[in-house]
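Everything below belongs to coords.cif, which stores mmCIF, N, CA and C atoms.
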data_final
loop_
_atom_site.label_atom_id
_atom_site.label_comp_id
_atom_site.auth_asym_id
_atom_site.auth_seq_id
_atom_site.Cartn_x
_atom_site.Cartn_y
_atom_site.Cartn_z
N MET L 1 -64.78 83.94 -73.50
CA MET L 1 -63.77 84.45 -72.61
C MET L 1 -63.19 83.32 -71.74
N LYS L 2 -64.07 82.44 -71.24
CA LYS L 2 -63.62 81.34 -70.40
C LYS L 2 -62.69 80.40 -71.16
N ASP L 3 -63.02 80.12 -72.44
CA ASP L 3 -62.17 79.27 -73.27
C ASP L 3 -60.81 79.91 -73.52
N ASN L 4 -60.80 81.23 -73.69
CA ASN L 4 -59.53 81.94 -73.88
C ASN L 4 -58.65 81.82 -72.65
N LEU L 5 -59.24 81.96 -71.47
CA LEU L 5 -58.47 81.83 -70.24
C LEU L 5 -57.91 80.43 -70.08
N LYS L 6 -58.70 79.42 -70.45
CA LYS L 6 -58.22 78.04 -70.39
C LYS L 6 -57.02 77.85 -71.32
N ALA L 7 -57.12 78.39 -72.51
CA ALA L 7 -56.04 78.25 -73.48
C ALA L 7 -54.78 78.96 -73.00
N ILE L 8 -54.93 80.14 -72.44
CA ILE L 8 -53.78 80.89 -71.93
C ILE L 8 -53.15 80.14 -70.76
N PHE L 9 -53.96 79.65 -69.85
CA PHE L 9 -53.45 78.91 -68.70
C PHE L 9 -52.73 77.64 -69.15
N SER L 10 -53.30 76.94 -70.11
CA SER L 10 -52.66 75.72 -70.62
C SER L 10 -51.31 76.03 -71.26
N ALA L 11 -51.25 77.10 -72.03
CA ALA L 11 -49.98 77.50 -72.66
C ALA L 11 -48.95 77.86 -71.60
N PHE L 12 -49.39 78.55 -70.55
CA PHE L 12 -48.49 78.91 -69.46
C PHE L 12 -47.93 77.66 -68.78
N LEU L 13 -48.76 76.69 -68.49
CA LEU L 13 -48.31 75.45 -67.85
C LEU L 13 -47.32 74.69 -68.72
N LEU L 14 -47.57 74.62 -70.01
CA LEU L 14 -46.65 73.94 -70.91
C LEU L 14 -45.30 74.65 -70.97
N THR L 15 -45.33 75.97 -71.00
CA THR L 15 -44.10 76.74 -71.03
C THR L 15 -43.32 76.56 -69.74
N ALA L 16 -44.00 76.62 -68.60
CA ALA L 16 -43.33 76.42 -67.31
C ALA L 16 -42.72 75.03 -67.22
N ALA L 17 -43.42 74.02 -67.69
CA ALA L 17 -42.90 72.66 -67.67
C ALA L 17 -41.68 72.53 -68.56
N ALA L 18 -41.70 73.16 -69.72
CA ALA L 18 -40.57 73.08 -70.64
C ALA L 18 -39.34 73.77 -70.05
N ILE L 19 -39.55 74.89 -69.37
CA ILE L 19 -38.43 75.60 -68.76
C ILE L 19 -37.81 74.76 -67.66
N SER L 20 -38.62 74.17 -66.81
CA SER L 20 -38.07 73.40 -65.70
C SER L 20 -37.39 72.12 -66.17
N VAL L 21 -37.83 71.56 -67.28
CA VAL L 21 -37.22 70.35 -67.82
C VAL L 21 -35.84 70.65 -68.39
N SER L 22 -35.66 71.84 -68.94
CA SER L 22 -34.41 72.15 -69.61
C SER L 22 -33.49 73.03 -68.77
N ALA L 23 -33.52 72.87 -67.48
CA ALA L 23 -32.64 73.65 -66.62
C ALA L 23 -31.44 72.81 -66.18
N ALA L 24 -30.31 73.49 -66.02
CA ALA L 24 -29.06 72.82 -65.65
C ALA L 24 -28.98 72.57 -64.14
N ASP L 25 -28.22 71.55 -63.77
CA ASP L 25 -28.05 71.17 -62.37
C ASP L 25 -26.57 71.27 -61.98
N LEU L 26 -26.34 71.56 -60.70
CA LEU L 26 -24.99 71.56 -60.14
C LEU L 26 -24.96 70.60 -58.96
N ARG L 27 -24.06 69.63 -59.00
CA ARG L 27 -23.93 68.61 -57.94
C ARG L 27 -22.60 68.78 -57.23
N ASN L 28 -22.62 68.75 -55.90
CA ASN L 28 -21.40 68.81 -55.10
C ASN L 28 -21.15 67.43 -54.51
N GLU L 29 -20.11 66.76 -54.98
CA GLU L 29 -19.76 65.43 -54.48
C GLU L 29 -18.68 65.49 -53.41
N ASP L 30 -18.24 66.69 -53.08
CA ASP L 30 -17.22 66.86 -52.05
C ASP L 30 -17.87 66.94 -50.67
N GLY L 31 -17.06 66.81 -49.66
CA GLY L 31 -17.53 66.84 -48.29
C GLY L 31 -17.50 68.22 -47.66
N LYS L 32 -17.43 69.27 -48.48
CA LYS L 32 -17.43 70.63 -47.95
C LYS L 32 -18.38 71.52 -48.74
N ARG L 33 -18.77 72.60 -48.13
CA ARG L 33 -19.68 73.60 -48.71
C ARG L 33 -18.88 74.58 -49.55
N TYR L 34 -19.45 75.00 -50.70
CA TYR L 34 -18.79 75.96 -51.58
C TYR L 34 -19.70 77.15 -51.85
N GLU L 35 -19.07 78.31 -52.02
CA GLU L 35 -19.78 79.50 -52.48
C GLU L 35 -19.93 79.41 -53.99
N VAL L 36 -21.12 79.76 -54.49
CA VAL L 36 -21.41 79.67 -55.92
C VAL L 36 -21.95 81.01 -56.41
N LYS L 37 -21.44 81.46 -57.56
CA LYS L 37 -21.97 82.66 -58.22
C LYS L 37 -22.54 82.23 -59.56
N VAL L 38 -23.78 82.62 -59.80
CA VAL L 38 -24.46 82.29 -61.05
C VAL L 38 -24.54 83.56 -61.88
N HIS L 39 -23.77 83.60 -62.98
CA HIS L 39 -23.73 84.76 -63.87
C HIS L 39 -24.73 84.51 -65.00
N ASP L 40 -25.80 85.25 -65.00
CA ASP L 40 -26.89 85.04 -65.96
C ASP L 40 -27.21 86.38 -66.62
N GLY L 41 -26.76 86.54 -67.85
CA GLY L 41 -26.93 87.83 -68.51
C GLY L 41 -26.08 88.86 -67.81
N GLY L 42 -26.67 89.97 -67.45
CA GLY L 42 -25.94 91.04 -66.76
C GLY L 42 -26.04 90.96 -65.25
N THR L 43 -26.61 89.90 -64.72
CA THR L 43 -26.78 89.79 -63.27
C THR L 43 -25.95 88.64 -62.71
N THR L 44 -25.63 88.75 -61.43
CA THR L 44 -24.93 87.69 -60.72
C THR L 44 -25.69 87.39 -59.45
N ARG L 45 -26.00 86.12 -59.26
CA ARG L 45 -26.71 85.67 -58.05
C ARG L 45 -25.72 84.86 -57.21
N ASN L 46 -25.62 85.21 -55.94
CA ASN L 46 -24.72 84.50 -55.01
C ASN L 46 -25.51 83.49 -54.21
N THR L 47 -24.92 82.29 -54.06
CA THR L 47 -25.56 81.24 -53.28
C THR L 47 -24.47 80.31 -52.75
N TRP L 48 -24.88 79.24 -52.09
CA TRP L 48 -23.97 78.23 -51.57
C TRP L 48 -24.48 76.86 -51.96
N ILE L 49 -23.57 75.91 -52.10
CA ILE L 49 -23.97 74.52 -52.29
C ILE L 49 -23.34 73.71 -51.15
N ASP L 50 -24.18 73.02 -50.42
CA ASP L 50 -23.72 72.23 -49.29
C ASP L 50 -23.01 70.97 -49.76
N ALA L 51 -22.27 70.36 -48.86
CA ALA L 51 -21.57 69.11 -49.14
C ALA L 51 -22.56 68.04 -49.56
N ASN L 52 -22.15 67.24 -50.54
CA ASN L 52 -22.95 66.09 -51.00
C ASN L 52 -24.41 66.46 -51.28
N SER L 53 -24.60 67.53 -52.04
CA SER L 53 -25.95 67.96 -52.38
C SER L 53 -26.01 68.44 -53.83
N THR L 54 -27.21 68.75 -54.27
CA THR L 54 -27.43 69.20 -55.65
C THR L 54 -28.29 70.45 -55.64
N ILE L 55 -27.95 71.39 -56.50
CA ILE L 55 -28.84 72.51 -56.80
C ILE L 55 -29.47 72.16 -58.14
N ALA L 56 -30.72 71.74 -58.08
CA ALA L 56 -31.45 71.39 -59.30
C ALA L 56 -31.95 72.67 -59.96
N SER L 57 -31.93 72.68 -61.27
CA SER L 57 -32.43 73.82 -62.06
C SER L 57 -31.76 75.12 -61.64
N ILE L 58 -30.45 75.11 -61.61
CA ILE L 58 -29.71 76.32 -61.20
C ILE L 58 -29.91 77.45 -62.20
N CYS L 59 -30.09 77.10 -63.48
CA CYS L 59 -30.36 78.09 -64.51
C CYS L 59 -30.71 77.37 -65.81
N SER L 60 -31.21 78.13 -66.77
CA SER L 60 -31.46 77.53 -68.08
C SER L 60 -30.31 77.81 -69.05
N SER L 61 -29.59 78.91 -68.81
CA SER L 61 -28.40 79.24 -69.59
C SER L 61 -27.60 80.28 -68.81
N CYS L 62 -26.42 79.88 -68.30
CA CYS L 62 -25.65 80.79 -67.46
C CYS L 62 -24.21 80.30 -67.36
N GLU L 63 -23.41 81.07 -66.66
CA GLU L 63 -22.07 80.64 -66.29
C GLU L 63 -22.08 80.44 -64.77
N VAL L 64 -21.68 79.26 -64.33
CA VAL L 64 -21.63 78.94 -62.91
C VAL L 64 -20.18 79.04 -62.46
N GLU L 65 -19.96 79.83 -61.42
CA GLU L 65 -18.63 79.97 -60.84
C GLU L 65 -18.64 79.39 -59.43
N VAL L 66 -17.81 78.42 -59.20
CA VAL L 66 -17.61 77.90 -57.85
C VAL L 66 -16.35 78.60 -57.35
N VAL L 67 -16.53 79.48 -56.38
CA VAL L 67 -15.46 80.35 -55.92
C VAL L 67 -14.26 79.53 -55.45
N GLY L 68 -13.09 79.86 -56.01
CA GLY L 68 -11.86 79.16 -55.68
C GLY L 68 -11.62 77.89 -56.45
N ILE L 69 -12.62 77.48 -57.26
CA ILE L 69 -12.52 76.23 -58.01
C ILE L 69 -12.46 76.50 -59.52
N GLY L 70 -13.45 77.22 -60.04
CA GLY L 70 -13.48 77.50 -61.47
C GLY L 70 -14.86 77.89 -61.95
N ARG L 71 -14.99 78.01 -63.28
CA ARG L 71 -16.23 78.42 -63.94
C ARG L 71 -16.57 77.44 -65.04
N VAL L 72 -17.88 77.32 -65.31
CA VAL L 72 -18.34 76.49 -66.41
C VAL L 72 -19.62 77.10 -66.96
N ARG L 73 -19.77 77.06 -68.29
CA ARG L 73 -20.99 77.54 -68.92
C ARG L 73 -21.94 76.37 -69.06
N LEU L 74 -23.20 76.58 -68.62
CA LEU L 74 -24.22 75.54 -68.69
C LEU L 74 -25.45 76.06 -69.41
N SER L 75 -26.12 75.17 -70.12
CA SER L 75 -27.39 75.53 -70.74
C SER L 75 -28.21 74.26 -70.92
N GLY L 76 -29.51 74.47 -71.11
CA GLY L 76 -30.40 73.33 -71.29
C GLY L 76 -30.38 72.42 -70.08
N SER L 77 -30.30 71.13 -70.33
CA SER L 77 -30.33 70.16 -69.23
C SER L 77 -28.92 69.65 -68.87
N GLU L 78 -27.90 70.45 -69.18
CA GLU L 78 -26.53 70.05 -68.85
C GLU L 78 -26.34 69.97 -67.34
N LYS L 79 -25.31 69.25 -66.93
CA LYS L 79 -25.01 69.07 -65.52
C LYS L 79 -23.53 69.33 -65.29
N ALA L 80 -23.24 69.85 -64.11
CA ALA L 80 -21.85 70.04 -63.69
C ALA L 80 -21.71 69.47 -62.29
N SER L 81 -20.49 69.00 -61.99
CA SER L 81 -20.22 68.43 -60.67
C SER L 81 -18.94 69.01 -60.09
N ILE L 82 -18.94 69.10 -58.78
CA ILE L 82 -17.73 69.42 -58.04
C ILE L 82 -17.28 68.10 -57.43
N LYS L 83 -16.07 67.70 -57.79
CA LYS L 83 -15.55 66.43 -57.29
C LYS L 83 -14.06 66.58 -57.06
N ASN L 84 -13.61 66.23 -55.86
CA ASN L 84 -12.19 66.31 -55.50
C ASN L 84 -11.63 67.71 -55.75
N GLY L 85 -12.42 68.74 -55.42
CA GLY L 85 -11.97 70.11 -55.56
C GLY L 85 -11.90 70.63 -56.98
N LYS L 86 -12.53 69.93 -57.93
CA LYS L 86 -12.54 70.36 -59.33
C LYS L 86 -13.97 70.47 -59.83
N LEU L 87 -14.21 71.43 -60.73
CA LEU L 87 -15.51 71.63 -61.36
C LEU L 87 -15.49 70.96 -62.72
N ILE L 88 -16.42 70.02 -62.93
CA ILE L 88 -16.43 69.22 -64.16
C ILE L 88 -17.80 69.33 -64.82
N LYS L 89 -17.80 69.66 -66.11
CA LYS L 89 -19.05 69.66 -66.88
C LYS L 89 -19.29 68.26 -67.41
N GLN L 90 -20.50 67.75 -67.23
CA GLN L 90 -20.78 66.38 -67.67
C GLN L 90 -21.55 66.37 -68.97
#
Output the structure of this file as structure tokens.
Amino acid sequence: MKDNLKAIFSAFLLTAAAISVSAADLRNEDGKRYEVKVHDGGTTRNTWIDANSTIASICSSCEVEVVGIGRVRLSGSEKASIKNGKLIKQ
């Protein structure tokens, strides 16, 4: 039983590490704060990104909407940036 728990725990840690490694990031290079909507499946999560900051691991596969700027689909370890009032997928 103890060996089974070790194996399950190890598998869980590897899966968690893989998920965090393959998550997309959003970087704000502008000097102002933006409202962000993360559309993931049938749900939408509302958040904000401060000036000159990054939201690391915003999602593993989603559509990111920067309100008033635009939308971009991200997956895996892709990155997007807000620069000069524009949303750019890198």
Tell me which residues the PyMOL selection byres ((chain L and resi 31-47) around 5) grabs here, as a PDB file with N, CA and C atoms, in the frame of the given file.
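This went into selection.pdb:
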ATOM      1  N   GLU L  29     -20.110  66.760 -54.980  1.00  0.00           N
ATOM      2  CA  GLU L  29     -19.760  65.430 -54.480  1.00  0.00           C
ATOM      3  C   GLU L  29     -18.680  65.490 -53.410  1.00  0.00           C
ATOM      4  N   ASP L  30     -18.240  66.690 -53.080  1.00  0.00           N
ATOM      5  CA  ASP L  30     -17.220  66.860 -52.050  1.00  0.00           C
ATOM      6  C   ASP L  30     -17.870  66.940 -50.670  1.00  0.00           C
ATOM      7  N   TRP L  48     -24.880  79.240 -52.090  1.00  0.00           N
ATOM      8  CA  TRP L  48     -23.970  78.230 -51.570  1.00  0.00           C
ATOM      9  C   TRP L  48     -24.480  76.860 -51.960  1.00  0.00           C
ATOM     10  N   ILE L  49     -23.570  75.910 -52.100  1.00  0.00           N
ATOM     11  CA  ILE L  49     -23.970  74.520 -52.290  1.00  0.00           C
ATOM     12  C   ILE L  49     -23.340  73.710 -51.150  1.00  0.00           C
ATOM     13  N   ASP L  50     -24.180  73.020 -50.420  1.00  0.00           N
ATOM     14  CA  ASP L  50     -23.720  72.230 -49.290  1.00  0.00           C
ATOM     15  C   ASP L  50     -23.010  70.970 -49.760  1.00  0.00           C
ATOM     16  N   ALA L  51     -22.270  70.360 -48.860  1.00  0.00           N
ATOM     17  CA  ALA L  51     -21.570  69.110 -49.140  1.00  0.00           C
ATOM     18  C   ALA L  51     -22.560  68.040 -49.560  1.00  0.00           C
ATOM     19  N   CYS L  62     -26.420  79.880 -68.300  1.00  0.00           N
ATOM     20  CA  CYS L  62     -25.650  80.790 -67.460  1.00  0.00           C
ATOM     21  C   CYS L  62     -24.210  80.300 -67.360  1.00  0.00           C
ATOM     22  N   GLU L  63     -23.410  81.070 -66.660  1.00  0.00           N
ATOM     23  CA  GLU L  63     -22.070  80.640 -66.290  1.00  0.00           C
ATOM     24  C   GLU L  63     -22.080  80.440 -64.770  1.00  0.00           C
ATOM     25  N   VAL L  64     -21.680  79.260 -64.330  1.00  0.00           N
ATOM     26  CA  VAL L  64     -21.630  78.940 -62.910  1.00  0.00           C
ATOM     27  C   VAL L  64     -20.180  79.040 -62.460  1.00  0.00           C
ATOM     28  N   GLU L  65     -19.960  79.830 -61.420  1.00  0.00           N
ATOM     29  CA  GLU L  65     -18.630  79.970 -60.840  1.00  0.00           C
ATOM     30  C   GLU L  65     -18.640  79.390 -59.430  1.00  0.00           C
ATOM     31  N   VAL L  66     -17.810  78.420 -59.200  1.00  0.00           N
ATOM     32  CA  VAL L  66     -17.610  77.900 -57.850  1.00  0.00           C
ATOM     33  C   VAL L  66     -16.350  78.600 -57.350  1.00  0.00           C
ATOM     34  N   VAL L  67     -16.530  79.480 -56.380  1.00  0.00           N
ATOM     35  CA  VAL L  67     -15.460  80.350 -55.920  1.00  0.00           C
ATOM     36  C   VAL L  67     -14.260  79.530 -55.450  1.00  0.00           C
TER      37      VAL L  67
END
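Going from CA of Ser75 (chain L) to CA of Asn52 (chain L) covers 22.3 Å.
Distance-wise, CA of Ala23 (chain L) and atom N of Ile55 (chain L) end up 11.4 Å apart.
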Is there a way to get, as a ChimeraX atom specification, all residues within 5 Å of the point (-32.4, 73.0, -67.4) in file coordinates, counting only N, CA and C atoms? /L:21-24,59-60,76-77
Return as AutoDock Vina command-line options the box centre and box size in Å, one decimal, for an axis-aligned box around all listed atoms of region 77-87 of chain L padded by 8 Å per side.
--center_x -21.0 --center_y 68.9 --center_z -62.9 --size_x 34.7 --size_y 21.4 --size_z 30.9
Give as number ranges by chain the residues that the PyMOL selection byres ((chain L and resi 83-89) around 7) matches when applied to the coordinates above. L: 27-30, 69-72, 79-82, 90
Output N, CA and C atoms for every residue in the selection just made, as a PDB file, keeping the file's coordinate frame.
ATOM      1  N   ARG L  27     -24.060  69.630 -59.000  1.00  0.00           N
ATOM      2  CA  ARG L  27     -23.930  68.610 -57.940  1.00  0.00           C
ATOM      3  C   ARG L  27     -22.600  68.780 -57.230  1.00  0.00           C
ATOM      4  N   ASN L  28     -22.620  68.750 -55.900  1.00  0.00           N
ATOM      5  CA  ASN L  28     -21.400  68.810 -55.100  1.00  0.00           C
ATOM      6  C   ASN L  28     -21.150  67.430 -54.510  1.00  0.00           C
ATOM      7  N   GLU L  29     -20.110  66.760 -54.980  1.00  0.00           N
ATOM      8  CA  GLU L  29     -19.760  65.430 -54.480  1.00  0.00           C
ATOM      9  C   GLU L  29     -18.680  65.490 -53.410  1.00  0.00           C
ATOM     10  N   ASP L  30     -18.240  66.690 -53.080  1.00  0.00           N
ATOM     11  CA  ASP L  30     -17.220  66.860 -52.050  1.00  0.00           C
ATOM     12  C   ASP L  30     -17.870  66.940 -50.670  1.00  0.00           C
ATOM     13  N   ILE L  69     -12.620  77.480 -57.260  1.00  0.00           N
ATOM     14  CA  ILE L  69     -12.520  76.230 -58.010  1.00  0.00           C
ATOM     15  C   ILE L  69     -12.460  76.500 -59.520  1.00  0.00           C
ATOM     16  N   GLY L  70     -13.450  77.220 -60.040  1.00  0.00           N
ATOM     17  CA  GLY L  70     -13.480  77.500 -61.470  1.00  0.00           C
ATOM     18  C   GLY L  70     -14.860  77.890 -61.950  1.00  0.00           C
ATOM     19  N   ARG L  71     -14.990  78.010 -63.280  1.00  0.00           N
ATOM     20  CA  ARG L  71     -16.230  78.420 -63.940  1.00  0.00           C
ATOM     21  C   ARG L  71     -16.570  77.440 -65.040  1.00  0.00           C
ATOM     22  N   VAL L  72     -17.880  77.320 -65.310  1.00  0.00           N
ATOM     23  CA  VAL L  72     -18.340  76.490 -66.410  1.00  0.00           C
ATOM     24  C   VAL L  72     -19.620  77.100 -66.960  1.00  0.00           C
ATOM     25  N   LYS L  79     -25.310  69.250 -66.930  1.00  0.00           N
ATOM     26  CA  LYS L  79     -25.010  69.070 -65.520  1.00  0.00           C
ATOM     27  C   LYS L  79     -23.530  69.330 -65.290  1.00  0.00           C
ATOM     28  N   ALA L  80     -23.240  69.850 -64.110  1.00  0.00           N
ATOM     29  CA  ALA L  80     -21.850  70.040 -63.690  1.00  0.00           C
ATOM     30  C   ALA L  80     -21.710  69.470 -62.290  1.00  0.00           C
ATOM     31  N   SER L  81     -20.490  69.000 -61.990  1.00  0.00           N
ATOM     32  CA  SER L  81     -20.220  68.430 -60.670  1.00  0.00           C
ATOM     33  C   SER L  81     -18.940  69.010 -60.090  1.00  0.00           C
ATOM     34  N   ILE L  82     -18.940  69.100 -58.780  1.00  0.00           N
ATOM     35  CA  ILE L  82     -17.730  69.420 -58.040  1.00  0.00           C
ATOM     36  C   ILE L  82     -17.280  68.100 -57.430  1.00  0.00           C
ATOM     37  N   GLN L  90     -20.500  67.750 -67.230  1.00  0.00           N
ATOM     38  CA  GLN L  90     -20.780  66.380 -67.670  1.00  0.00           C
ATOM     39  C   GLN L  90     -21.550  66.370 -68.970  1.00  0.00           C
TER      40      GLN L  90
END
At what distance in Å, to one decimal, does CA of Asp25 (chain L) lie from CA of Ile58 (chain L)?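 If I compute the distance from CA of Ile58 (chain L) to CA of Asp25 (chain L), I get 5.5 Å.
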